[in-house]
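I have placed the structure first, in the form of structure tokens, so that the comments after it can refer back to it.
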Amino acid sequence: MVLNICQCIVLCEYILLISYIKWMVYIINEQIPERRSCLSTYRDMYLEVIECLHQVNRSIYGFPAIFVFIASEFAEIIVTVYEYLLFPRHYINKSSLVVFFIWMLTRTVNVLTVYMIGDSTEKEVNRMSLVLHQRSIIERNPRIKRQIKFFLLRRLHEHYHFELFGMYHINIRQLFSLSSKAIGYLVIQVLFKLNK
């Protein structure tokens with residue numbers, strides 16, 4: 001029980017941090033075309049926000065946050081589907097099945113929320129290149145135009161992706177791949193159980 005509460009608190013903290021960082025990038029992206037401040041200020045703010053995003057994704061409380069959330073949610077979903085749905089025990093009644101479906105729905109929503117927040121934040125961070133390109137077209141000062149082009153050239157090779165230890169991109173395609181592996185694992189477990 002305590003572990004579930006701690007996991008829920010950490011998940012909410014992670015979602016709030018990522019949402020706040022996404023909001024900051026959105027504000028930066030909206031301020032660039034309006035020319036309210038100099039370009040170097042936006043560049044510094046952007047680099048600071050990206051560093052914060054890397055720090056948040058690297059670890060919360062010493063663990064890689066994305067790995068812990070996704071792995072624990074999928075593991076709990078697999079175990080409960082196996083125990084409650086595929087091979088239920090005799091003492092399970094209808095009220096516990098309702099609780100099971102509500103629990104499964106919340107776990108699925110948690111995983112989808114992490115993926116959707118990550119996807120929308122990734123798109124907002126990568127939208128910076130488009131906004132800067134639009135500003136460079138409008139800009140008349142050649143010095144500022146040159147600064148924008150140098151920053152765009154640097155951004156060309158630094159597309160931001162939510163990653164798991166640099167091995168996998170955390171996106172919807174990976175979610176479907178992970179889901180298919182989990183379903184395959186459940187099918188194999190069912191076949192083993194039926195052969196006994």
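Residue numbering restarts at 1 in every chain; chains get A, B, ... in the order shown in the structure tokens, and ligands count up from 1 in that same order.
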
Would you write out, as JSON lines, a table of all residues in segment 10-82 of chain A that have an atom no more than 8 Å from an atom of segment 178-186 of chain A, listing for each the closest atom pair and the distance in Å to one decimal, considering only C-alpha atoms and ordering rows by chain and rising residue number?
{"residue": "A:Phe74", "atom": "CA", "partner": "A:Ala182", "partner_atom": "CA", "distance": 7.7}
{"residue": "A:Ile78", "atom": "CA", "partner": "A:Ala182", "partner_atom": "CA", "distance": 6.9}
{"residue": "A:Tyr82", "atom": "CA", "partner": "A:Leu186", "partner_atom": "CA", "distance": 7.1}

Would you mind exporting all heavy atoms of the selected residues as a compact mmCIF listing (two decimals), in the first residue's frame?
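Written file, again.txt:
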# COMPACT_ATOMS: atom_id res chain seq x y z
N PHE A 74 3.87 -1.80 -16.36
CA PHE A 74 3.66 -2.96 -17.23
C PHE A 74 3.77 -4.26 -16.45
O PHE A 74 2.99 -5.19 -16.70
CB PHE A 74 4.64 -2.95 -18.40
CG PHE A 74 4.06 -2.38 -19.65
CD1 PHE A 74 4.33 -1.08 -20.02
CD2 PHE A 74 3.22 -3.13 -20.45
CE1 PHE A 74 3.79 -0.54 -21.16
CE2 PHE A 74 2.67 -2.60 -21.60
CZ PHE A 74 2.95 -1.30 -21.95
N ILE A 78 0.76 -7.01 -16.20
CA ILE A 78 0.93 -8.41 -16.62
C ILE A 78 0.56 -9.36 -15.48
O ILE A 78 -0.17 -10.34 -15.69
CB ILE A 78 2.38 -8.66 -17.09
CG1 ILE A 78 2.62 -7.97 -18.43
CG2 ILE A 78 2.69 -10.14 -17.20
CD1 ILE A 78 4.05 -7.99 -18.89
N TYR A 82 -2.72 -11.90 -15.48
CA TYR A 82 -2.46 -13.33 -15.33
C TYR A 82 -3.23 -13.91 -14.14
O TYR A 82 -3.86 -14.96 -14.25
CB TYR A 82 -0.96 -13.56 -15.16
CG TYR A 82 -0.56 -15.00 -15.07
CD1 TYR A 82 -0.48 -15.77 -16.22
CD2 TYR A 82 -0.25 -15.59 -13.85
CE1 TYR A 82 -0.11 -17.10 -16.17
CE2 TYR A 82 0.10 -16.91 -13.79
CZ TYR A 82 0.18 -17.67 -14.94
OH TYR A 82 0.54 -18.98 -14.88

Can you pull out every residue within 10 Å of Ser40 of chain A, counting only C-alpha atoms, but drop anything in the same chain fewer than 2 positions away, and send it as a PDB file with N, CA, C and O atoms, in the first residue's frame?
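The file below, out-v8.pdb, is the result:
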ATOM      1  N   SER A  37      12.765  40.229 -26.274  1.00  0.00           N
ATOM      2  CA  SER A  37      14.076  40.194 -25.638  1.00  0.00           C
ATOM      3  C   SER A  37      15.102  39.805 -26.696  1.00  0.00           C
ATOM      4  O   SER A  37      14.757  39.423 -27.811  1.00  0.00           O
ATOM      5  N   CYS A  38      16.374  39.873 -26.317  1.00  0.00           N
ATOM      6  CA  CYS A  38      17.408  39.538 -27.290  1.00  0.00           C
ATOM      7  C   CYS A  38      17.483  38.020 -27.469  1.00  0.00           C
ATOM      8  O   CYS A  38      17.075  37.247 -26.608  1.00  0.00           O
ATOM      9  N   TYR A  42      17.012  34.104 -25.035  1.00  0.00           N
ATOM     10  CA  TYR A  42      16.182  32.943 -25.356  1.00  0.00           C
ATOM     11  C   TYR A  42      17.025  31.689 -25.523  1.00  0.00           C
ATOM     12  O   TYR A  42      16.637  30.611 -25.090  1.00  0.00           O
ATOM     13  N   ARG A  43      18.187  31.846 -26.146  1.00  0.00           N
ATOM     14  CA  ARG A  43      19.076  30.701 -26.323  1.00  0.00           C
ATOM     15  C   ARG A  43      19.519  30.156 -24.972  1.00  0.00           C
ATOM     16  O   ARG A  43      19.483  28.950 -24.727  1.00  0.00           O
ATOM     17  N   ASP A  44      19.926  31.058 -24.066  1.00  0.00           N
ATOM     18  CA  ASP A  44      20.362  30.628 -22.742  1.00  0.00           C
ATOM     19  C   ASP A  44      19.221  29.979 -21.960  1.00  0.00           C
ATOM     20  O   ASP A  44      19.416  28.964 -21.295  1.00  0.00           O
ATOM     21  N   MET A  45      18.038  30.583 -22.060  1.00  0.00           N
ATOM     22  CA  MET A  45      16.874  29.997 -21.385  1.00  0.00           C
ATOM     23  C   MET A  45      16.559  28.615 -21.948  1.00  0.00           C
ATOM     24  O   MET A  45      16.283  27.669 -21.204  1.00  0.00           O
ATOM     25  N   TYR A  46      16.621  28.494 -23.263  1.00  0.00           N
ATOM     26  CA  TYR A  46      16.343  27.219 -23.916  1.00  0.00           C
ATOM     27  C   TYR A  46      17.347  26.150 -23.488  1.00  0.00           C
ATOM     28  O   TYR A  46      16.965  25.024 -23.149  1.00  0.00           O
ATOM     29  N   ILE A 144      21.974  39.460 -36.113  1.00  0.00           N
ATOM     30  CA  ILE A 144      21.009  38.591 -35.430  1.00  0.00           C
ATOM     31  C   ILE A 144      20.632  37.421 -36.323  1.00  0.00           C
ATOM     32  O   ILE A 144      20.481  36.287 -35.848  1.00  0.00           O
ATOM     33  N   GLN A 147      23.307  34.904 -35.934  1.00  0.00           N
ATOM     34  CA  GLN A 147      23.178  34.199 -34.650  1.00  0.00           C
ATOM     35  C   GLN A 147      22.095  33.128 -34.722  1.00  0.00           C
ATOM     36  O   GLN A 147      22.279  32.013 -34.225  1.00  0.00           O
ATOM     37  N   ILE A 148      20.989  33.480 -35.342  1.00  0.00           N
ATOM     38  CA  ILE A 148      19.894  32.514 -35.467  1.00  0.00           C
ATOM     39  C   ILE A 148      20.328  31.325 -36.308  1.00  0.00           C
ATOM     40  O   ILE A 148      20.068  30.175 -35.960  1.00  0.00           O
ATOM     41  N   PHE A 151      22.596  29.093 -34.285  1.00  0.00           N
ATOM     42  CA  PHE A 151      21.828  28.328 -33.299  1.00  0.00           C
ATOM     43  C   PHE A 151      21.000  27.239 -33.983  1.00  0.00           C
ATOM     44  O   PHE A 151      20.881  26.124 -33.471  1.00  0.00           O
TER      45      PHE A 151
END

Can you pull out every residue within 12 Å of Arg135 of chain A, counting only C-alpha atoms, but drop anything in the same chain fewer than 6 positions away, and send it as a list in words?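 Result of the neighbour search: Asn29, Glu30, Gln31, Ile32, Pro33, Glu34, Arg35, Leu39, Met128, Ser129, Asn141, Ile144, Lys145, Arg146, Gln147, Ile148, Lys149 and Leu152 of chain A.
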
Select from segment 25-183 of chain A everything DSSP, run on the backbone, classes as helix (DSSP H, G or I), then give the selection as an MDAnalysis selection string. chainID A and resid 25:31 39:58 65:86 94:126 128:138 142:156 172:183

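Taking atom CA of Asn93 of chain A as the reference point, atom CA of Ala75 of chain A is found at 23.4 Å.
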
Excluding same-chain residues fewer than 6 positions from Glu76 of chain A, what lies within 12 Å of it counting only C-alpha atoms, as a PyMOL selection string? chain A and resi 4+68-70+82-84+100+103-108+111+182

Of the listed residues A:Val49, A:Leu132, A:Leu86, A:Val56, that which approaches Leu17 of chain A most closely, counting only C-alpha atoms: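 Between A:Val49, A:Leu132, A:Leu86, A:Val56, the residue approaching Leu17 of chain A most closely is A:Val56.
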